[in-house]
Amino acid sequence: RRVLFRSRAFTAQIIINHVQARDGEFIDNMEQAMDRAVNNGVKHLVVQPTHLMHGAEYDELMETVEAYADKFESVAVAEPLLGEVG
């Protein structure tokens with residue numbers, strides 16, 4: 001049986017803080033989203049970044065995903081919109 005668990009997270013804490021102050025809406029950072037996935041029993045994690053290109057925030061996302069990878073049976077991460085460097 002497959003259960004879809006969808007979560008949204010932002011890599012930029014300044015944006016998370018701004019949205020919360022402006023709209024009162026709480027958005028997870030990457031660690032919180034990963035913890036939520038683990039706690040909800042996710043086995044196969046798919047990460048769909050909305051970054052346009054590789055850079056510091058994408059690298060931070062990948063570091064976080066790699067730190068949690070052993071908690072899932074499989075992990076798939078899509079490339080940024082503009083794809084590979086070069």
# chains A, B, ... in the order shown; residues from 1 in each chain; ligands from 1
>>> residues_around(residues="Pro80 (chain A)", least_positions_apart="5", cutoff="6 Å", atoms="only C-alpha atoms", output="list of chain:residue names")
A:His51, A:Leu52, A:Met53
>>> write_last_selection(atoms="all heavy atoms", output="PDB file, in the first residue's frame")
ATOM      1  N   HIS A  51      14.514  25.191  -7.162  1.00  0.00           N
ATOM      2  CA  HIS A  51      15.651  26.055  -7.489  1.00  0.00           C
ATOM      3  C   HIS A  51      15.810  26.130  -9.002  1.00  0.00           C
ATOM      4  O   HIS A  51      15.576  25.153  -9.713  1.00  0.00           O
ATOM      5  CB  HIS A  51      16.950  25.496  -6.879  1.00  0.00           C
ATOM      6  CG  HIS A  51      16.915  25.433  -5.391  1.00  0.00           C
ATOM      7  ND1 HIS A  51      16.686  24.251  -4.725  1.00  0.00           N
ATOM      8  CD2 HIS A  51      17.055  26.388  -4.457  1.00  0.00           C
ATOM      9  CE1 HIS A  51      16.702  24.494  -3.428  1.00  0.00           C
ATOM     10  NE2 HIS A  51      16.910  25.781  -3.237  1.00  0.00           N
ATOM     11  N   LEU A  52      16.232  27.276  -9.484  1.00  0.00           N
ATOM     12  CA  LEU A  52      16.458  27.427 -10.921  1.00  0.00           C
ATOM     13  C   LEU A  52      17.766  26.801 -11.370  1.00  0.00           C
ATOM     14  O   LEU A  52      17.860  26.267 -12.474  1.00  0.00           O
ATOM     15  CB  LEU A  52      16.451  28.911 -11.313  1.00  0.00           C
ATOM     16  CG  LEU A  52      15.096  29.607 -11.189  1.00  0.00           C
ATOM     17  CD1 LEU A  52      15.228  31.072 -11.550  1.00  0.00           C
ATOM     18  CD2 LEU A  52      14.065  28.923 -12.081  1.00  0.00           C
ATOM     19  N   MET A  53      18.788  26.899 -10.515  1.00  0.00           N
ATOM     20  CA  MET A  53      20.094  26.374 -10.897  1.00  0.00           C
ATOM     21  C   MET A  53      20.850  25.912  -9.665  1.00  0.00           C
ATOM     22  O   MET A  53      20.443  26.180  -8.540  1.00  0.00           O
ATOM     23  CB  MET A  53      20.889  27.436 -11.644  1.00  0.00           C
ATOM     24  CG  MET A  53      21.222  28.660 -10.800  1.00  0.00           C
ATOM     25  SD  MET A  53      22.047  29.931 -11.738  1.00  0.00           S
ATOM     26  CE  MET A  53      20.664  30.986 -12.095  1.00  0.00           C
TER      27      MET A  53
END
>>> residues_around(residues="Glu79 (chain A)", least_positions_apart="4", cutoff="10 Å", atoms="only C-alpha atoms", output="number ranges by chain")
A: 47-54, 58, 83-84
>>> write_last_selection(atoms="N, CA, C and O atoms", output="PDB file, in the first residue's frame")
ATOM      1  N   VAL A  47      12.359  14.261  -3.675  1.00  0.00           N
ATOM      2  CA  VAL A  47      12.539  15.689  -3.427  1.00  0.00           C
ATOM      3  C   VAL A  47      12.502  16.403  -4.774  1.00  0.00           C
ATOM      4  O   VAL A  47      13.293  16.096  -5.665  1.00  0.00           O
ATOM      5  N   GLN A  48      11.563  17.339  -4.912  1.00  0.00           N
ATOM      6  CA  GLN A  48      11.434  18.134  -6.132  1.00  0.00           C
ATOM      7  C   GLN A  48      11.784  19.578  -5.803  1.00  0.00           C
ATOM      8  O   GLN A  48      10.946  20.348  -5.376  1.00  0.00           O
ATOM      9  N   PRO A  49      13.054  19.961  -5.990  1.00  0.00           N
ATOM     10  CA  PRO A  49      13.445  21.337  -5.695  1.00  0.00           C
ATOM     11  C   PRO A  49      12.830  22.312  -6.701  1.00  0.00           C
ATOM     12  O   PRO A  49      12.550  21.942  -7.848  1.00  0.00           O
ATOM     13  N   THR A  50      12.640  23.525  -6.262  1.00  0.00           N
ATOM     14  CA  THR A  50      12.171  24.578  -7.168  1.00  0.00           C
ATOM     15  C   THR A  50      13.285  25.572  -7.469  1.00  0.00           C
ATOM     16  O   THR A  50      13.021  26.649  -7.987  1.00  0.00           O
ATOM     17  N   HIS A  51      14.514  25.191  -7.162  1.00  0.00           N
ATOM     18  CA  HIS A  51      15.651  26.055  -7.489  1.00  0.00           C
ATOM     19  C   HIS A  51      15.810  26.130  -9.002  1.00  0.00           C
ATOM     20  O   HIS A  51      15.576  25.153  -9.713  1.00  0.00           O
ATOM     21  N   LEU A  52      16.232  27.276  -9.484  1.00  0.00           N
ATOM     22  CA  LEU A  52      16.458  27.427 -10.921  1.00  0.00           C
ATOM     23  C   LEU A  52      17.766  26.801 -11.370  1.00  0.00           C
ATOM     24  O   LEU A  52      17.860  26.267 -12.474  1.00  0.00           O
ATOM     25  N   MET A  53      18.788  26.899 -10.515  1.00  0.00           N
ATOM     26  CA  MET A  53      20.094  26.374 -10.897  1.00  0.00           C
ATOM     27  C   MET A  53      20.850  25.912  -9.665  1.00  0.00           C
ATOM     28  O   MET A  53      20.443  26.180  -8.540  1.00  0.00           O
ATOM     29  N   HIS A  54      21.932  25.218  -9.911  1.00  0.00           N
ATOM     30  CA  HIS A  54      22.787  24.798  -8.812  1.00  0.00           C
ATOM     31  C   HIS A  54      23.361  26.032  -8.125  1.00  0.00           C
ATOM     32  O   HIS A  54      23.599  27.052  -8.763  1.00  0.00           O
ATOM     33  N   TYR A  58      20.891  25.004  -3.132  1.00  0.00           N
ATOM     34  CA  TYR A  58      20.709  23.632  -3.618  1.00  0.00           C
ATOM     35  C   TYR A  58      21.718  22.707  -2.944  1.00  0.00           C
ATOM     36  O   TYR A  58      21.377  21.593  -2.554  1.00  0.00           O
ATOM     37  N   GLY A  83      19.161  22.501 -14.752  1.00  0.00           N
ATOM     38  CA  GLY A  83      19.930  21.282 -14.826  1.00  0.00           C
ATOM     39  C   GLY A  83      21.365  21.359 -14.384  1.00  0.00           C
ATOM     40  O   GLY A  83      21.727  22.129 -13.508  1.00  0.00           O
ATOM     41  N   GLU A  84      22.142  20.535 -15.003  1.00  0.00           N
ATOM     42  CA  GLU A  84      23.543  20.377 -14.646  1.00  0.00           C
ATOM     43  C   GLU A  84      24.350  21.666 -14.817  1.00  0.00           C
ATOM     44  O   GLU A  84      24.047  22.473 -15.683  1.00  0.00           O
TER      45      GLU A  84
END
>>> residues_around(residues="region 26-39 of chain A", least_positions_apart="5", cutoff="7 Å", atoms="only C-alpha atoms", output="MDAnalysis selection string")
chainID A and resid 7:11 13 16 20 61 64 71
>>> select_by_dssp(residues="chain A", states="strand (DSSP E or B)", output="PyMOL selection string")
chain A and resi 9-10+28-29+44-47+74-77
>>> write_last_selection(atoms="all heavy atoms", output="tab-separated table (two decimals), in the first residue's frame")
chain	number	residue	atom	x	y	z
A	9	ALA	N	8.90	22.72	2.10
A	9	ALA	CA	9.96	23.29	2.92
A	9	ALA	C	10.71	24.31	2.10
A	9	ALA	O	10.80	24.20	0.88
A	9	ALA	CB	10.91	22.22	3.41
A	10	PHE	N	11.24	25.30	2.78
A	10	PHE	CA	12.07	26.31	2.12
A	10	PHE	C	13.49	26.17	2.65
A	10	PHE	O	13.71	25.79	3.80
A	10	PHE	CB	11.57	27.72	2.43
A	10	PHE	CG	10.29	28.11	1.73
A	10	PHE	CD1	9.61	27.25	0.90
A	10	PHE	CD2	9.78	29.38	1.92
A	10	PHE	CE1	8.43	27.63	0.26
A	10	PHE	CE2	8.61	29.78	1.29
A	10	PHE	CZ	7.93	28.91	0.47
A	28	ASP	N	8.03	24.74	7.02
A	28	ASP	CA	9.18	23.99	7.52
A	28	ASP	C	10.47	24.42	6.84
A	28	ASP	O	10.47	24.78	5.66
A	28	ASP	CB	9.02	22.49	7.25
A	28	ASP	CG	7.99	21.83	8.14
A	28	ASP	OD1	7.65	22.40	9.19
A	28	ASP	OD2	7.56	20.71	7.79
A	29	ASN	N	11.58	24.34	7.59
A	29	ASN	CA	12.89	24.38	6.94
A	29	ASN	C	13.20	22.94	6.54
A	29	ASN	O	12.41	22.03	6.79
A	29	ASN	CB	13.95	25.02	7.84
A	29	ASN	CG	14.21	24.24	9.11
A	29	ASN	OD1	14.10	23.02	9.16
A	29	ASN	ND2	14.53	24.96	10.18
A	44	HIS	N	10.00	5.91	0.79
A	44	HIS	CA	10.59	6.31	-0.48
A	44	HIS	C	10.41	7.82	-0.62
A	44	HIS	O	9.31	8.30	-0.88
A	44	HIS	CB	9.92	5.57	-1.64
A	44	HIS	CG	9.98	4.08	-1.46
A	44	HIS	ND1	11.11	3.34	-1.73
A	44	HIS	CD2	9.05	3.20	-1.02
A	44	HIS	CE1	10.88	2.09	-1.46
A	44	HIS	NE2	9.63	1.96	-1.01
A	45	LEU	N	11.50	8.54	-0.48
A	45	LEU	CA	11.47	10.00	-0.48
A	45	LEU	C	11.79	10.53	-1.88
A	45	LEU	O	12.76	10.11	-2.50
A	45	LEU	CB	12.50	10.54	0.52
A	45	LEU	CG	12.58	12.05	0.65
A	45	LEU	CD1	11.33	12.58	1.36
A	45	LEU	CD2	13.84	12.45	1.42
A	46	VAL	N	10.96	11.44	-2.36
A	46	VAL	CA	11.20	12.13	-3.62
A	46	VAL	C	11.25	13.62	-3.31
A	46	VAL	O	10.31	14.17	-2.73
A	46	VAL	CB	10.08	11.85	-4.64
A	46	VAL	CG1	10.31	12.65	-5.92
A	46	VAL	CG2	9.99	10.36	-4.94
A	47	VAL	N	12.36	14.26	-3.67
A	47	VAL	CA	12.54	15.69	-3.43
A	47	VAL	C	12.50	16.40	-4.77
A	47	VAL	O	13.29	16.10	-5.66
A	47	VAL	CB	13.88	15.97	-2.71
A	47	VAL	CG1	14.06	17.46	-2.47
A	47	VAL	CG2	13.95	15.19	-1.40
A	74	SER	N	14.60	4.49	-0.12
A	74	SER	CA	15.14	5.10	-1.34
A	74	SER	C	14.93	6.61	-1.27
A	74	SER	O	14.01	7.09	-0.62
A	74	SER	CB	14.46	4.52	-2.59
A	74	SER	OG	13.11	4.92	-2.64
A	75	VAL	N	15.83	7.31	-1.95
A	75	VAL	CA	15.76	8.77	-2.03
A	75	VAL	C	16.04	9.17	-3.47
A	75	VAL	O	17.02	8.72	-4.06
A	75	VAL	CB	16.78	9.45	-1.10
A	75	VAL	CG1	16.75	10.96	-1.26
A	75	VAL	CG2	16.53	9.07	0.36
A	76	ALA	N	15.19	10.01	-4.03
A	76	ALA	CA	15.39	10.55	-5.38
A	76	ALA	C	15.29	12.07	-5.29
A	76	ALA	O	14.36	12.58	-4.65
A	76	ALA	CB	14.36	10.01	-6.34
A	77	VAL	N	16.24	12.75	-5.90
A	77	VAL	CA	16.24	14.22	-5.91
A	77	VAL	C	16.34	14.69	-7.35
A	77	VAL	O	17.24	14.28	-8.08
A	77	VAL	CB	17.42	14.79	-5.09
A	77	VAL	CG1	17.36	16.32	-5.06
A	77	VAL	CG2	17.43	14.23	-3.68
>>> atom_distance(atom1="CA of Ile14 (chain A)", atom2="CA of Asp70 (chain A)")
28.8 Å
>>> atom_distance(atom1="CA of Val42 (chain A)", atom2="CA of Asp23 (chain A)")
29.1 Å
